[in-house]
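Enquirer: Sharing input.pdb here; it has PDB, C-alpha atoms, pLDDT in the B column.
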ATOM      1  CA  GLN A 227       0.000   0.000   0.000  1.00 87.00           C
ATOM      2  CA  LEU A 228       1.279   3.434  -0.995  1.00 92.00           C
ATOM      3  CA  SER A 229       0.808   6.541   1.097  1.00 94.00           C
ATOM      4  CA  GLY A 230       1.900  10.134   0.753  1.00 95.00           C
ATOM      5  CA  SER A 231       2.511  11.606  -2.683  1.00 96.00           C
ATOM      6  CA  ILE A 232       2.602   9.597  -5.883  1.00 97.00           C
ATOM      7  CA  PRO A 233       6.246   8.476  -6.091  1.00 96.00           C
ATOM      8  CA  ILE A 234       8.155  10.562  -8.642  1.00 96.00           C
ATOM      9  CA  GLU A 235       9.773   7.352  -9.917  1.00 97.00           C
ATOM     10  CA  LEU A 236       6.448   6.221 -11.365  1.00 97.00           C
ATOM     11  CA  TYR A 237       6.558   9.079 -13.851  1.00 97.00           C
ATOM     12  CA  GLN A 238       9.858   7.708 -15.199  1.00 98.00           C
ATOM     13  CA  LEU A 239       8.330   4.369 -16.250  1.00 98.00           C
ATOM     14  CA  THR A 240       7.764   5.523 -19.814  1.00 97.00           C
ATOM     15  CA  ALA A 241       6.816   2.046 -21.110  1.00 98.00           C
ATOM     16  CA  LEU A 242       4.110   1.602 -18.464  1.00 98.00           C
ATOM     17  CA  ARG A 243       0.753   0.593 -19.941  1.00 98.00           C
ATOM     18  CA  LEU A 244      -1.439   0.307 -16.844  1.00 98.00           C
ATOM     19  CA  LEU A 245      -1.337   2.414 -13.696  1.00 98.00           C
ATOM     20  CA  ASP A 246      -3.911   1.691 -10.999  1.00 98.00           C
ATOM     21  CA  LEU A 247      -3.285   3.421  -7.677  1.00 97.00           C
ATOM     22  CA  SER A 248      -6.802   2.928  -6.332  1.00 97.00           C
ATOM     23  CA  ASP A 249      -7.548   2.394  -2.662  1.00 97.00           C
ATOM     24  CA  ASN A 250      -4.268   3.883  -1.489  1.00 96.00           C
ATOM     25  CA  PRO A 251      -4.176   6.806   0.969  1.00 95.00           C
ATOM     26  CA  LEU A 252      -2.334   8.988  -1.551  1.00 96.00           C
ATOM     27  CA  THR A 253      -2.221  12.724  -1.005  1.00 96.00           C
ATOM     28  CA  GLY A 254      -0.960  15.680  -3.000  1.00 96.00           C
ATOM     29  CA  ASN A 255      -1.290  16.399  -6.698  1.00 96.00           C
ATOM     30  CA  ILE A 256      -0.881  14.418  -9.870  1.00 97.00           C
ATOM     31  CA  SER A 257       2.400  15.713 -11.262  1.00 98.00           C
ATOM     32  CA  ARG A 258       2.627  17.338 -14.673  1.00 98.00           C
ATOM     33  CA  LEU A 259       5.188  14.576 -15.320  1.00 98.00           C
ATOM     34  CA  ILE A 260       2.207  12.269 -15.965  1.00 98.00           C
ATOM     35  CA  GLY A 261       2.619  13.391 -19.569  1.00 98.00           C
ATOM     36  CA  ASN A 262       5.824  11.301 -19.756  1.00 98.00           C
ATOM     37  CA  LEU A 263       3.820   8.062 -19.676  1.00 98.00           C
ATOM     38  CA  LYS A 264       3.221   8.038 -23.440  1.00 98.00           C
ATOM     39  CA  GLU A 265       2.427   4.290 -23.602  1.00 98.00           C
ATOM     40  CA  LEU A 266      -0.181   4.357 -20.836  1.00 98.00           C
ATOM     41  CA  ARG A 267      -3.439   2.646 -21.856  1.00 98.00           C
ATOM     42  CA  THR A 268      -5.232   2.622 -18.478  1.00 98.00           C
ATOM     43  CA  LEU A 269      -5.071   5.125 -15.638  1.00 98.00           C
ATOM     44  CA  VAL A 270      -7.160   4.497 -12.526  1.00 98.00           C
ATOM     45  CA  LEU A 271      -7.001   6.770  -9.498  1.00 97.00           C
ATOM     46  CA  SER A 272      -9.980   5.943  -7.327  1.00 97.00           C
ATOM     47  CA  ASN A 273     -10.628   6.158  -3.607  1.00 97.00           C
ATOM     48  CA  THR A 274      -7.593   8.279  -2.815  1.00 97.00           C
ATOM     49  CA  GLN A 275      -7.058  11.573  -1.032  1.00 96.00           C
ATOM     50  CA  LEU A 276      -5.428  13.216  -4.055  1.00 97.00           C
ATOM     51  CA  THR A 277      -5.992  16.972  -4.280  1.00 96.00           C
ATOM     52  CA  GLY A 278      -5.370  19.696  -6.811  1.00 96.00           C
ATOM     53  CA  SER A 279      -6.658  19.663 -10.351  1.00 97.00           C
ATOM     54  CA  LEU A 280      -6.264  17.352 -13.301  1.00 97.00           C
ATOM     55  CA  PRO A 281      -3.061  18.319 -15.110  1.00 98.00           C
ATOM     56  CA  ILE A 282      -3.454  19.357 -18.737  1.00 98.00           C
ATOM     57  CA  GLU A 283      -0.597  16.956 -19.527  1.00 98.00           C
ATOM     58  CA  LEU A 284      -3.128  14.118 -19.374  1.00 98.00           C
ATOM     59  CA  GLY A 285      -3.940  15.245 -22.905  1.00 98.00           C
ATOM     60  CA  GLN A 286      -0.498  13.987 -23.993  1.00 98.00           C
ATOM     61  CA  LEU A 287      -1.402  10.368 -23.224  1.00 98.00           C
ATOM     62  CA  LYS A 288      -2.499   9.576 -26.778  1.00 98.00           C
ATOM     63  CA  GLN A 289      -2.614   5.804 -26.196  1.00 98.00           C
ATOM     64  CA  LEU A 290      -4.998   6.115 -23.244  1.00 98.00           C
ATOM     65  CA  VAL A 291      -8.109   3.939 -23.584  1.00 98.00           C
ATOM     66  CA  ASN A 292      -9.436   3.927 -20.020  1.00 98.00           C
ATOM     67  CA  LEU A 293      -9.368   6.902 -17.623  1.00 98.00           C
ATOM     68  CA  ARG A 294     -11.082   6.542 -14.249  1.00 98.00           C
ATOM     69  CA  ILE A 295     -10.700   9.112 -11.494  1.00 97.00           C
ATOM     70  CA  ILE A 296     -13.333   8.423  -8.866  1.00 96.00           C
ATOM     71  CA  SER A 297     -13.799   9.505  -5.241  1.00 96.00           C
ATOM     72  CA  THR A 298     -10.853  11.830  -4.798  1.00 96.00           C
ATOM     73  CA  GLN A 299     -10.500  15.289  -3.281  1.00 95.00           C
ATOM     74  CA  MET A 300      -9.540  16.789  -6.637  1.00 96.00           C
ATOM     75  CA  LYS A 301     -11.223  19.917  -7.938  1.00 96.00           C
ATOM     76  CA  GLY A 302     -11.078  22.480 -10.697  1.00 96.00           C
ATOM     77  CA  SER A 303     -12.396  22.291 -14.204  1.00 96.00           C
ATOM     78  CA  LEU A 304     -12.209  19.368 -16.582  1.00 97.00           C
ATOM     79  CA  PRO A 305      -9.227  19.953 -18.884  1.00 97.00           C
ATOM     80  CA  VAL A 306     -10.172  20.623 -22.500  1.00 98.00           C
ATOM     81  CA  GLU A 307      -7.014  18.692 -23.429  1.00 98.00           C
ATOM     82  CA  LEU A 308      -8.795  15.431 -22.597  1.00 98.00           C
ATOM     83  CA  GLY A 309     -10.702  15.986 -25.835  1.00 98.00           C
ATOM     84  CA  SER A 310      -7.552  15.128 -27.794  1.00 98.00           C
ATOM     85  CA  LEU A 311      -7.414  11.554 -26.460  1.00 98.00           C
ATOM     86  CA  SER A 312      -8.650   9.936 -29.664  1.00 97.00           C
ATOM     87  CA  ASN A 313      -8.265   6.347 -28.391  1.00 98.00           C
ATOM     88  CA  LEU A 314     -10.234   6.937 -25.186  1.00 98.00           C
ATOM     89  CA  GLN A 315     -13.131   4.511 -24.752  1.00 97.00           C
ATOM     90  CA  THR A 316     -13.979   4.956 -21.073  1.00 96.00           C
ATOM     91  CA  LEU A 317     -13.974   8.301 -19.268  1.00 96.00           C
ATOM     92  CA  ARG A 318     -15.182   8.234 -15.671  1.00 95.00           C
ATOM     93  CA  ILE A 319     -14.503  11.285 -13.547  1.00 95.00           C
ATOM     94  CA  GLU A 320     -16.881  10.813 -10.642  1.00 92.00           C
ATOM     95  CA  SER A 321     -17.498  11.930  -7.080  1.00 92.00           C
ATOM     96  CA  GLY A 322     -14.986  14.746  -7.071  1.00 91.00           C
ATOM     97  CA  LYS A 323     -15.227  18.471  -6.673  1.00 93.00           C
ATOM     98  CA  TYR A 324     -14.982  19.404 -10.335  1.00 94.00           C
ATOM     99  CA  ALA A 325     -16.848  22.531 -11.366  1.00 93.00           C
ATOM    100  CA  GLY A 326     -17.561  24.407 -14.554  1.00 93.00           C
ATOM    101  CA  GLY A 327     -18.933  22.893 -17.702  1.00 92.00           C
ATOM    102  CA  ILE A 328     -18.303  19.859 -19.826  1.00 93.00           C
ATOM    103  CA  PRO A 329     -15.718  20.889 -22.425  1.00 97.00           C
ATOM    104  CA  THR A 330     -17.051  20.921 -25.971  1.00 97.00           C
ATOM    105  CA  GLN A 331     -13.788  19.187 -26.940  1.00 97.00           C
ATOM    106  CA  PHE A 332     -15.180  15.992 -25.414  1.00 96.00           C
ATOM    107  CA  SER A 333     -17.221  15.785 -28.626  1.00 96.00           C
ATOM    108  CA  GLN A 334     -13.955  14.880 -30.391  1.00 97.00           C
ATOM    109  CA  LEU A 335     -13.670  11.605 -28.456  1.00 97.00           C
ATOM    110  CA  THR A 336     -14.926   9.523 -31.375  1.00 96.00           C
ATOM    111  CA  ASN A 337     -14.063   6.159 -29.789  1.00 97.00           C
ATOM    112  CA  LEU A 338     -15.748   6.957 -26.480  1.00 96.00           C
ATOM    113  CA  LYS A 339     -18.127   4.226 -25.318  1.00 95.00           C
ATOM    114  CA  LYS A 340     -18.658   5.112 -21.659  1.00 93.00           C
ATOM    115  CA  LEU A 341     -18.855   8.590 -20.132  1.00 92.00           C
ATOM    116  CA  SER A 342     -19.685   9.221 -16.486  1.00 90.00           C
ATOM    117  CA  LEU A 343     -19.242  12.569 -14.765  1.00 90.00           C
ATOM    118  CA  LYS A 344     -21.664  12.020 -11.895  1.00 88.00           C
ATOM    119  CA  GLY A 345     -21.190  13.347  -8.401  1.00 89.00           C
ATOM    120  CA  ASN A 346     -19.400  16.563  -9.362  1.00 89.00           C
ATOM    121  CA  HIS A 347     -20.431  20.223  -9.349  1.00 90.00           C
ATOM    122  CA  LEU A 348     -20.706  20.670 -13.100  1.00 89.00           C
ATOM    123  CA  LYS A 349     -22.979  23.314 -14.563  1.00 88.00           C
ATOM    124  CA  GLY A 350     -24.175  24.343 -17.971  1.00 87.00           C
ATOM    125  CA  THR A 351     -25.403  22.324 -20.878  1.00 87.00           C
ATOM    126  CA  VAL A 352     -24.229  19.042 -22.284  1.00 88.00           C
ATOM    127  CA  PRO A 353     -22.301  19.770 -25.498  1.00 92.00           C
ATOM    128  CA  THR A 354     -24.503  18.926 -28.471  1.00 92.00           C
ATOM    129  CA  GLY A 355     -21.559  17.202 -30.137  1.00 93.00           C
ATOM    130  CA  LEU A 356     -21.756  14.362 -27.601  1.00 91.00           C
ATOM    131  CA  SER A 357     -24.915  13.195 -29.369  1.00 88.00           C
ATOM    132  CA  GLN A 358     -22.815  12.700 -32.505  1.00 91.00           C
ATOM    133  CA  LEU A 359     -20.529  10.135 -30.842  1.00 93.00           C
ATOM    134  CA  VAL A 360     -21.790   6.976 -32.505  1.00 92.00           C
ATOM    135  CA  ASN A 361     -19.868   4.613 -30.202  1.00 93.00           C
ATOM    136  CA  LEU A 362     -21.182   6.194 -27.000  1.00 90.00           C
ATOM    137  CA  GLU A 363     -23.692   3.875 -25.368  1.00 82.00           C
ATOM    138  CA  LEU A 364     -26.547   6.076 -24.247  1.00 61.00           C
ATOM    139  CA  SER A 365     -27.089   3.871 -21.235  1.00 53.00           C
ATOM    140  CA  ARG A 366     -23.524   4.678 -20.210  1.00 56.00           C
ATOM    141  CA  LEU A 367     -23.871   8.460 -20.377  1.00 59.00           C
ATOM    142  CA  VAL A 368     -24.201   9.510 -16.744  1.00 65.00           C
ATOM    143  CA  ILE A 369     -24.096  13.211 -15.962  1.00 66.00           C
ATOM    144  CA  GLN A 370     -25.736  14.530 -12.843  1.00 60.00           C
ATOM    145  CA  ARG A 371     -25.227  17.264 -10.351  1.00 54.00           C
ATOM    146  CA  ALA A 372     -23.907  16.478  -6.895  1.00 51.00           C
TER     147      ALA A 372
END
Represent the supplied structure as structure tokens.
Expert:
Amino acid sequence: QLSGSIPIELYQLTALRLLDLSDNPLTGNISRLIGNLKELRTLVLSNTQLTGSLPIELGQLKQLVNLRIISTQMKGSLPVELGSLSNLQTLRIESGKYAGGIPTQFSQLTNLKKLSLKGNHLKGTVPTGLSQLVNLELSRLVIQRA
């Protein structure tokens, strides 16, 4: 079990394909060095005490297929850079303190099958472009206010 900050050494594992740090009492921020993990396919950070905001460098993880950040203490807005993750199939950012709107750039996630943003403090309208995502299972679109 890991505690404290995410070890800086993890960001040096550039061939890493799966990183799941769930259910660890991690604190602090996700480093901007997360962008170094160019081969990452799955990133899961759930049930942690991580704080801060999602770094825009997540948008550099072009191989990412599965992104799940659930039940953390993170806040801020959802980075528009996530809209450039063309391989992303699952995007679950739930039960956090995220505010603002859903970026219109999420409409560019053409391979997206599952989208859940429930349990946050999001406001505004759902981008109309999300309805154009032919792979998105409507039963998997979960957006609700906290």
Enquirer: To one decimal place in Å, what is the distance between atom CA of Ile328 of chain A and atom CA of Leu287 of chain A?
Expert: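 Between these atoms lies a distance of 19.7 Å.
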Enquirer: Evaluate the PyMOL selection byres ((chain A and resi 358) around 12) on the structure here and hand back the selected residues as an MDAnalysis selection string.
Expert: chainID A and resid 330 332:338 353:357 359:364
Enquirer: Specify as number ranges by chain each residue included when the PyMOL selection byres ((chain A and resi 237-250) around 12) is applied to this file.
Expert: A: 227-236, 251-253, 256-276, 287-298
Enquirer: Check the smallest atom-to-atom distance from each of A:Thr351, A:Gly278, A:Asn346, A:Lys339 to Leu314 of chain A using only C-alpha atoms, then report the winner.
Expert: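 Closest to Leu314 of chain A of all the choices is A:Lys339.
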Enquirer: List the spatial neighbours of Lys349 of chain A as a PDB file with C-alpha atoms, keeping the file's coordinate frame - criterion: any atom at most 7 Å away, all atoms listed in the file, same-chain residues fewer than 5 positions off excluded.
Expert:
ATOM      1  CA  ALA A 325     -16.848  22.531 -11.366  1.00 93.00           C
ATOM      2  CA  GLY A 326     -17.561  24.407 -14.554  1.00 93.00           C
ATOM      3  CA  GLY A 327     -18.933  22.893 -17.702  1.00 92.00           C
TER       4      GLY A 327
END
Enquirer: Report as AutoDock Vina command-line options the centre and the edge lengths, in Å to one decimal, of the axis-aligned box holding every listed atom of segment 340-348 of chain A, padded by 8 Å on each side.
Expert:
--center_x -20.2 --center_y 12.9 --center_z -15.0 --size_x 19.0 --size_y 31.6 --size_z 29.3
Enquirer: Do you have the atom CA of Asn255 of chain A-atom CA of Gly350 of chain A distance handy?
Expert: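 Going from atom CA of Asn255 of chain A over to atom CA of Gly350 of chain A, I get 26.7 Å.
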Enquirer: So what do you get for atom CA of Thr277 of chain A versus atom CA of Ser342 of chain A, distance-wise?
Expert: 19.9 Å
Enquirer: What lies within 9 Å of segment 302-305 of chain A using all atoms listed in the file, ignoring chain neighbours under 3 positions off, as a PDB file with C-alpha atoms, keeping the file's coordinate frame?
Expert:
ATOM      1  CA  GLY A 278      -5.370  19.696  -6.811  1.00 96.00           C
ATOM      2  CA  SER A 279      -6.658  19.663 -10.351  1.00 97.00           C
ATOM      3  CA  LEU A 280      -6.264  17.352 -13.301  1.00 97.00           C
ATOM      4  CA  PRO A 281      -3.061  18.319 -15.110  1.00 98.00           C
ATOM      5  CA  ILE A 282      -3.454  19.357 -18.737  1.00 98.00           C
ATOM      6  CA  LEU A 284      -3.128  14.118 -19.374  1.00 98.00           C
ATOM      7  CA  GLY A 285      -3.940  15.245 -22.905  1.00 98.00           C
ATOM      8  CA  LEU A 308      -8.795  15.431 -22.597  1.00 98.00           C
ATOM      9  CA  GLY A 309     -10.702  15.986 -25.835  1.00 98.00           C
ATOM     10  CA  ILE A 319     -14.503  11.285 -13.547  1.00 95.00           C
ATOM     11  CA  LYS A 323     -15.227  18.471  -6.673  1.00 93.00           C
ATOM     12  CA  TYR A 324     -14.982  19.404 -10.335  1.00 94.00           C
ATOM     13  CA  ALA A 325     -16.848  22.531 -11.366  1.00 93.00           C
ATOM     14  CA  GLY A 326     -17.561  24.407 -14.554  1.00 93.00           C
ATOM     15  CA  GLY A 327     -18.933  22.893 -17.702  1.00 92.00           C
ATOM     16  CA  ILE A 328     -18.303  19.859 -19.826  1.00 93.00           C
ATOM     17  CA  PRO A 329     -15.718  20.889 -22.425  1.00 97.00           C
ATOM     18  CA  LEU A 348     -20.706  20.670 -13.100  1.00 89.00           C
TER      19      LEU A 348
END
Enquirer: Please produce segment 278-300 of chain A, completed to N, CA, C and O atoms, as a short mmCIF file (atom, residue, chain, number, x, y, z; two decimals), in the frame of the given file.
Expert:
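What follows is the written file selection-v5.cif:
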data_model
loop_
_atom_site.label_atom_id
_atom_site.label_comp_id
_atom_site.auth_asym_id
_atom_site.auth_seq_id
_atom_site.Cartn_x
_atom_site.Cartn_y
_atom_site.Cartn_z
N GLY A 278 -5.81 18.93 -5.66
CA GLY A 278 -5.37 19.70 -6.81
C GLY A 278 -6.32 19.49 -7.98
O GLY A 278 -7.45 19.04 -7.82
N SER A 279 -5.84 19.80 -9.15
CA SER A 279 -6.66 19.66 -10.35
C SER A 279 -6.02 18.65 -11.30
O SER A 279 -4.87 18.26 -11.12
N LEU A 280 -6.80 18.26 -12.29
CA LEU A 280 -6.26 17.35 -13.30
C LEU A 280 -5.26 18.11 -14.16
O LEU A 280 -5.60 19.15 -14.72
N PRO A 281 -4.05 17.61 -14.29
CA PRO A 281 -3.06 18.32 -15.11
C PRO A 281 -3.41 18.25 -16.59
O PRO A 281 -3.88 17.21 -17.08
N ILE A 282 -3.16 19.34 -17.30
CA ILE A 282 -3.45 19.36 -18.74
C ILE A 282 -2.59 18.36 -19.49
O ILE A 282 -2.93 17.93 -20.59
N GLU A 283 -1.49 17.93 -18.89
CA GLU A 283 -0.60 16.96 -19.53
C GLU A 283 -1.25 15.60 -19.73
O GLU A 283 -0.74 14.78 -20.50
N LEU A 284 -2.39 15.36 -19.09
CA LEU A 284 -3.13 14.12 -19.37
C LEU A 284 -3.48 14.05 -20.86
O LEU A 284 -3.60 12.96 -21.42
N GLY A 285 -3.63 15.19 -21.48
CA GLY A 285 -3.94 15.24 -22.90
C GLY A 285 -2.81 14.74 -23.79
O GLY A 285 -3.01 14.54 -24.99
N GLN A 286 -1.64 14.51 -23.23
CA GLN A 286 -0.50 13.99 -23.99
C GLN A 286 -0.48 12.47 -24.04
O GLN A 286 0.33 11.87 -24.74
N LEU A 287 -1.37 11.83 -23.30
CA LEU A 287 -1.40 10.37 -23.22
C LEU A 287 -2.25 9.81 -24.36
O LEU A 287 -3.35 9.29 -24.16
N LYS A 288 -1.73 9.90 -25.57
CA LYS A 288 -2.50 9.58 -26.78
C LYS A 288 -2.90 8.11 -26.90
O LYS A 288 -3.81 7.78 -27.67
N GLN A 289 -2.26 7.22 -26.15
CA GLN A 289 -2.61 5.80 -26.20
C GLN A 289 -3.70 5.43 -25.18
O GLN A 289 -4.18 4.31 -25.16
N LEU A 290 -4.08 6.39 -24.34
CA LEU A 290 -5.00 6.12 -23.24
C LEU A 290 -6.36 5.65 -23.76
O LEU A 290 -6.96 6.29 -24.62
N VAL A 291 -6.82 4.53 -23.22
CA VAL A 291 -8.11 3.94 -23.58
C VAL A 291 -9.10 4.06 -22.43
O VAL A 291 -10.29 4.24 -22.64
N ASN A 292 -8.59 3.99 -21.21
CA ASN A 292 -9.44 3.93 -20.02
C ASN A 292 -8.91 4.92 -18.99
O ASN A 292 -7.78 4.78 -18.51
N LEU A 293 -9.73 5.92 -18.65
CA LEU A 293 -9.37 6.90 -17.62
C LEU A 293 -10.47 6.93 -16.58
O LEU A 293 -11.62 7.26 -16.88
N ARG A 294 -10.11 6.56 -15.35
CA ARG A 294 -11.08 6.54 -14.25
C ARG A 294 -10.49 7.26 -13.04
O ARG A 294 -9.49 6.80 -12.48
N ILE A 295 -11.10 8.35 -12.67
CA ILE A 295 -10.70 9.11 -11.49
C ILE A 295 -11.97 9.31 -10.67
O ILE A 295 -12.82 10.13 -11.01
N ILE A 296 -12.08 8.52 -9.61
CA ILE A 296 -13.33 8.42 -8.87
C ILE A 296 -13.05 8.56 -7.37
O ILE A 296 -12.11 7.96 -6.85
N SER A 297 -13.88 9.34 -6.70
CA SER A 297 -13.80 9.51 -5.24
C SER A 297 -12.42 9.98 -4.79
O SER A 297 -11.70 9.29 -4.07
N THR A 298 -12.08 11.17 -5.24
CA THR A 298 -10.85 11.83 -4.80
C THR A 298 -11.24 13.19 -4.22
O THR A 298 -12.40 13.56 -4.23
N GLN A 299 -10.27 13.94 -3.78
CA GLN A 299 -10.50 15.29 -3.28
C GLN A 299 -10.12 16.33 -4.33
O GLN A 299 -9.96 17.50 -4.02
N MET A 300 -9.98 15.90 -5.57
CA MET A 300 -9.54 16.79 -6.64
C MET A 300 -10.65 17.74 -7.04
O MET A 300 -11.83 17.44 -6.88
#
